[in-house]
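Written out below as structure tokens is the structure these notes cover.
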Amino acid sequence: MNKKIVALILVIITAVSFVGCGNQENDQKSEVSPRPIVIQGAMDVEVETLVSQLKDAKEVKYGTWTYWEGTMDNYPVVVAKTEIGMTNAAANTVFAIEKFNPIAIINQGTSGGHDPALHRYDIVVGKKAVNFGSLRSERAEYGEGIQAENWIPMNNAAIDKETGEEKKVFEFEADKNLVETAMSVASSYENGTVVEGIIGSADEWNRELDRIQWIHETFGTSTEEMETASAAQIADVFDVPFVGIRILSNTEIHNEEYDRESGIYCQEYVAKVTKELIKQYSMK
């Protein structure tokens with residue numbers, strides 16, 4: 001065989017071996033890389049402050065959704081802008097789980113008050129999330145009117161991960177450690193009170209006081225918004241620890257108007273929660 005050809009073959013073999021070793025090293029590095037915390041918000045006012053706290057933030061897009069990859073306290077964090085609504089939040093959560101493999105998901109942002117004990121700027125750490133827009137009505141004939149207060153709450157269909165069988169879920173419980181961690185920094189919040197409660201979600205914006213009272217009494221909701229329950233449902237399917245954290249940006253009960261600053265307050269609080277989680281995850 002020609003000596004030049006032999007030399008060329010040796011070069012190719014060496015190069016392939018080098019690439020293979022490099023790929024093995026990269027695979028080993030990826031295996032030990034910490035899984036990120038994903039923090040979701042629907043609007044600019046619900047993500048801008050968090051993005052500004054990321055170091056070396058890199059913007060990426062999947063579909064129409066925007067994510068920012070970076071670090072907080074040298075730990076990977078992804079901020080996700082879900083856009084408004086239940087469908088957007090669910091789809092965004094699927095992408096977040098598939099693309100980033102998060103160790104935990106925090107859905108946070110603004111909301112409207114349901115609990116008379118709460119005021120604007122108070123924060124609700126959601127021990128549960130419920131879809132209060134899932135309802136059915138009994139049959140009524142033409143002319144008998146619409147009796148929304150008689151509508152019946154429906155369960156959400158889900159698949160049991162152990163049996164593979166369909167199960168009915170009325171509400172989605174948050175991860176207990178995430179709730180405890182979120183409450184552990186409550187004393188540091190200076191703009192209101194922080195409570196555990198139930199976050200209600202639906203593609204609705206309710207301003208009728210009787211309607212708000214009915215939802216509160218029927219579902220036990222502390223506050224309402226349009227994303228948390230659907231994101232919680234997806235996180236439950238994939239077994240990803242999840243918690244919702246919502247600030248009251250307004251409450252019709254006390255005639256307290258929407259304030260954009262509330263979204264900033266919530267993000268600042270969530271950043272504290274995130275840093276507490278980072279301490280836990282960094283020790284593992």
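How things are named: the first chain in the structure tokens is A, the next is B, and so on; residues count from 1 in each chain; ligands count from 1 in the order shown.
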- Message: Applying 6 Å and only C-alpha atoms, which residues near range 193-200 of chain A remain after dropping the ones on its own chain fewer than 5 positions away? List them as a PyMOL selection string.
- Response: chain A and resi 122-132+186+221-224
Spatial neighbours of Tyr75 in chain A, max dist 9 Å, only C-alpha atoms, sep filter under 3 positions, as a short mmCIF file (atom, residue, chain, number, x, y, z; two decimals) with C-alpha atoms, in the first residue's frame:
data_model
loop_
_atom_site.label_atom_id
_atom_site.label_comp_id
_atom_site.auth_asym_id
_atom_site.auth_seq_id
_atom_site.Cartn_x
_atom_site.Cartn_y
_atom_site.Cartn_z
CA PRO A 34 -26.67 20.24 38.01
CA ARG A 35 -30.22 20.32 36.74
CA PRO A 36 -31.54 23.90 36.52
CA ILE A 37 -34.36 25.57 38.39
CA GLY A 70 -28.07 31.75 33.06
CA THR A 71 -26.95 31.31 36.64
CA MET A 72 -27.75 32.60 40.12
CA LYS A 275 -31.30 31.20 46.28
CA ILE A 278 -29.73 26.66 45.38
CA TYR A 281 -29.21 21.63 45.67
CA SER A 282 -25.56 22.69 45.81
#
- Task: Extract, using only C-alpha atoms, all DNA, RNA and protein residues at most 7 Å from range 207-218 of chain A, discarding same-chain residues fewer than 5 positions from it, and format them as a PyMOL selection string.
- Result: chain A and resi 114-115+149+252-253
Export of the given selection (N, CA and C atoms) as a short mmCIF file (atom, residue, chain, number, x, y, z; two decimals), in the first residue's frame:
data_model
loop_
_atom_site.label_atom_id
_atom_site.label_comp_id
_atom_site.auth_asym_id
_atom_site.auth_seq_id
_atom_site.Cartn_x
_atom_site.Cartn_y
_atom_site.Cartn_z
N HIS A 114 -58.93 36.67 46.05
CA HIS A 114 -60.20 36.02 46.34
C HIS A 114 -60.50 35.98 47.83
N ASP A 115 -59.46 35.90 48.64
CA ASP A 115 -59.61 35.78 50.09
C ASP A 115 -59.76 37.18 50.70
N GLU A 149 -74.07 30.02 39.34
CA GLU A 149 -73.75 29.65 40.72
C GLU A 149 -74.10 28.18 41.00
N GLU A 252 -60.53 43.04 43.92
CA GLU A 252 -61.83 43.71 43.81
C GLU A 252 -62.53 43.79 45.16
N ILE A 253 -62.26 42.82 46.02
CA ILE A 253 -62.92 42.77 47.32
C ILE A 253 -62.68 44.04 48.11
#
- So which residues of range 71-216 of chain A fall under strand (DSSP E) by DSSP, listed as a PyMOL selection string? chain A and resi 71-72+75-81+104-113+123-131+135-136+152-153+156-159+166-169+171-173+194-201
Those residues you just picked out, can you put them in a file as a short mmCIF file (atom, residue, chain, number, x, y, z; two decimals), in the first residue's frame with N, CA and C atoms?
data_model
loop_
_atom_site.label_atom_id
_atom_site.label_comp_id
_atom_site.auth_asym_id
_atom_site.auth_seq_id
_atom_site.Cartn_x
_atom_site.Cartn_y
_atom_site.Cartn_z
N THR A 71 -27.21 31.84 35.31
CA THR A 71 -26.95 31.31 36.64
C THR A 71 -27.30 32.32 37.71
N MET A 72 -27.65 31.81 38.89
CA MET A 72 -27.75 32.60 40.12
C MET A 72 -26.88 31.91 41.15
N TYR A 75 -25.35 28.71 40.09
CA TYR A 75 -26.20 27.55 39.85
C TYR A 75 -27.09 27.84 38.64
N PRO A 76 -27.31 26.85 37.76
CA PRO A 76 -28.10 27.11 36.55
C PRO A 76 -29.58 27.40 36.86
N VAL A 77 -30.06 28.48 36.25
CA VAL A 77 -31.46 28.89 36.39
C VAL A 77 -31.98 29.28 35.01
N VAL A 78 -33.19 28.87 34.70
CA VAL A 78 -33.84 29.23 33.45
C VAL A 78 -35.10 30.03 33.77
N VAL A 79 -35.21 31.21 33.21
CA VAL A 79 -36.43 32.02 33.33
C VAL A 79 -37.23 31.83 32.05
N ALA A 80 -38.49 31.47 32.20
CA ALA A 80 -39.35 31.16 31.05
C ALA A 80 -40.53 32.13 31.00
N LYS A 81 -40.74 32.74 29.85
CA LYS A 81 -41.90 33.59 29.65
C LYS A 81 -42.99 32.75 28.98
N ALA A 104 -36.62 21.58 39.48
CA ALA A 104 -37.83 22.16 40.10
C ALA A 104 -38.37 23.25 39.19
N ILE A 105 -39.67 23.49 39.31
CA ILE A 105 -40.32 24.58 38.56
C ILE A 105 -41.08 25.47 39.53
N ILE A 106 -40.86 26.77 39.39
CA ILE A 106 -41.61 27.77 40.16
C ILE A 106 -42.42 28.60 39.16
N ASN A 107 -43.74 28.57 39.29
CA ASN A 107 -44.58 29.44 38.47
C ASN A 107 -44.98 30.63 39.34
N GLN A 108 -44.70 31.83 38.88
CA GLN A 108 -44.92 33.00 39.73
C GLN A 108 -45.43 34.17 38.91
N GLY A 109 -45.93 35.18 39.63
CA GLY A 109 -46.41 36.38 38.95
C GLY A 109 -47.56 37.04 39.69
N THR A 110 -48.32 37.84 38.97
CA THR A 110 -49.40 38.63 39.55
C THR A 110 -50.71 37.85 39.55
N SER A 111 -51.68 38.34 40.36
CA SER A 111 -52.96 37.65 40.47
C SER A 111 -53.98 38.58 41.14
N GLY A 112 -55.24 38.16 41.08
CA GLY A 112 -56.33 38.93 41.71
C GLY A 112 -56.84 38.23 42.95
N GLY A 113 -57.09 39.00 43.99
CA GLY A 113 -57.45 38.43 45.29
C GLY A 113 -58.83 37.80 45.35
N ILE A 123 -48.54 37.94 49.34
CA ILE A 123 -48.05 36.85 48.50
C ILE A 123 -48.66 35.52 48.96
N VAL A 124 -49.11 34.75 47.99
CA VAL A 124 -49.66 33.41 48.26
C VAL A 124 -48.69 32.36 47.75
N VAL A 125 -48.20 31.53 48.65
CA VAL A 125 -47.41 30.36 48.28
C VAL A 125 -48.41 29.22 48.12
N GLY A 126 -48.55 28.74 46.90
CA GLY A 126 -49.62 27.78 46.62
C GLY A 126 -49.32 26.38 47.08
N LYS A 127 -49.92 25.98 48.18
CA LYS A 127 -49.80 24.58 48.60
C LYS A 127 -50.59 23.68 47.66
N LYS A 128 -51.56 24.28 46.97
CA LYS A 128 -52.34 23.57 45.95
C LYS A 128 -52.67 24.53 44.82
N ALA A 129 -52.94 23.96 43.65
CA ALA A 129 -53.44 24.75 42.51
C ALA A 129 -54.67 24.04 41.97
N VAL A 130 -55.66 24.81 41.57
CA VAL A 130 -56.92 24.23 41.11
C VAL A 130 -57.41 24.97 39.87
N ASN A 131 -57.96 24.23 38.92
CA ASN A 131 -58.56 24.80 37.72
C ASN A 131 -60.02 25.11 38.01
N LEU A 135 -65.89 23.22 34.73
CA LEU A 135 -67.24 23.17 35.30
C LEU A 135 -68.22 22.51 34.33
N ARG A 136 -69.30 21.98 34.86
CA ARG A 136 -70.39 21.50 34.01
C ARG A 136 -71.71 22.01 34.57
N ILE A 152 -71.24 22.87 38.38
CA ILE A 152 -70.61 21.85 39.22
C ILE A 152 -69.13 21.69 38.85
N PRO A 153 -68.22 21.80 39.81
CA PRO A 153 -66.79 21.62 39.53
C PRO A 153 -66.51 20.22 39.00
N ASN A 156 -60.06 16.84 36.79
CA ASN A 156 -59.19 16.80 35.63
C ASN A 156 -58.77 15.35 35.39
N ALA A 157 -58.78 14.91 34.15
CA ALA A 157 -58.35 13.55 33.82
C ALA A 157 -56.83 13.50 33.80
N ALA A 158 -56.26 12.50 34.45
CA ALA A 158 -54.81 12.32 34.46
C ALA A 158 -54.51 10.83 34.48
N ILE A 159 -53.28 10.46 34.13
CA ILE A 159 -52.87 9.07 34.12
C ILE A 159 -52.03 8.78 35.36
N GLU A 166 -56.33 5.72 34.14
CA GLU A 166 -56.82 7.09 34.27
C GLU A 166 -57.30 7.35 35.69
N LYS A 167 -56.98 8.53 36.20
CA LYS A 167 -57.46 8.92 37.52
C LYS A 167 -58.06 10.32 37.43
N LYS A 168 -58.86 10.64 38.40
CA LYS A 168 -59.50 11.96 38.44
C LYS A 168 -58.79 12.82 39.48
N VAL A 169 -58.37 13.99 39.07
CA VAL A 169 -57.65 14.90 39.97
C VAL A 169 -58.40 16.22 40.05
N GLU A 171 -57.39 18.79 42.24
CA GLU A 171 -56.42 19.85 42.48
C GLU A 171 -55.02 19.25 42.48
N PHE A 172 -54.03 20.10 42.30
CA PHE A 172 -52.65 19.63 42.20
C PHE A 172 -51.85 20.18 43.39
N GLU A 173 -51.30 19.25 44.18
CA GLU A 173 -50.54 19.64 45.36
C GLU A 173 -49.13 20.03 44.98
N VAL A 194 -47.05 37.03 53.74
CA VAL A 194 -46.88 35.84 52.91
C VAL A 194 -47.65 34.71 53.58
N VAL A 195 -48.53 34.04 52.83
CA VAL A 195 -49.35 32.98 53.38
C VAL A 195 -49.33 31.76 52.46
N GLU A 196 -49.61 30.61 53.02
CA GLU A 196 -49.90 29.42 52.22
C GLU A 196 -51.36 29.47 51.81
N GLY A 197 -51.65 29.06 50.59
CA GLY A 197 -53.03 29.09 50.15
C GLY A 197 -53.23 28.27 48.89
N ILE A 198 -54.41 28.44 48.30
CA ILE A 198 -54.75 27.73 47.07
C ILE A 198 -54.82 28.73 45.92
N ILE A 199 -54.06 28.45 44.88
CA ILE A 199 -54.05 29.33 43.70
C ILE A 199 -55.04 28.77 42.69
N GLY A 200 -55.99 29.61 42.27
CA GLY A 200 -56.98 29.21 41.29
C GLY A 200 -56.61 29.73 39.91
N SER A 201 -56.78 28.86 38.90
CA SER A 201 -56.41 29.23 37.53
C SER A 201 -57.57 28.97 36.58
#
- Message: If I take CA of Tyr258 in chain A and CA of Gly41 in chain A, how far is one from the other in Å, to one decimal?
- Response: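 About the pair CA of Tyr258 in chain A and CA of Gly41 in chain A: they are 16.9 Å apart.
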- Item | Straight-line distance linking CA of Gln233 in chain A with CA of Asn92 in chain A, stated in Å to one decimal |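 Distance reported for this atom pair: 12.2 Å.
With CA of Trp68 in chain A on one side and CA of Ile103 in chain A on the other, the separation reads 16.3 Å.
Neighbouring residues of Tyr265 in chain A at 8 Å or closer, counting only C-alpha atoms and skipping chain neighbours under 5 positions away, are A:Tyr121, A:Asn191, A:Ile247.
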- Query: Residues at most 10 Å from Val273 in chain A, counting only C-alpha atoms, excluding those fewer than 3 positions away in the same chain, as a VMD selection string?
  - Reply: chain A and resid 106 178 to 186 245 267 to 270 276 to 278
- Write out as a list in words all residues of range 69-199 of chain A that backbone DSSP assigns to alpha helix (DSSP H). Met86, Thr87, Asn88, Ala89, Ala90, Ala91, Asn92, Thr93, Val94, Phe95, Ala96, Ile97, Glu98, Lys99, Phe100, Lys176, Asn177, Leu178, Val179, Glu180, Thr181, Ala182, Met183 and Ser184 of chain A
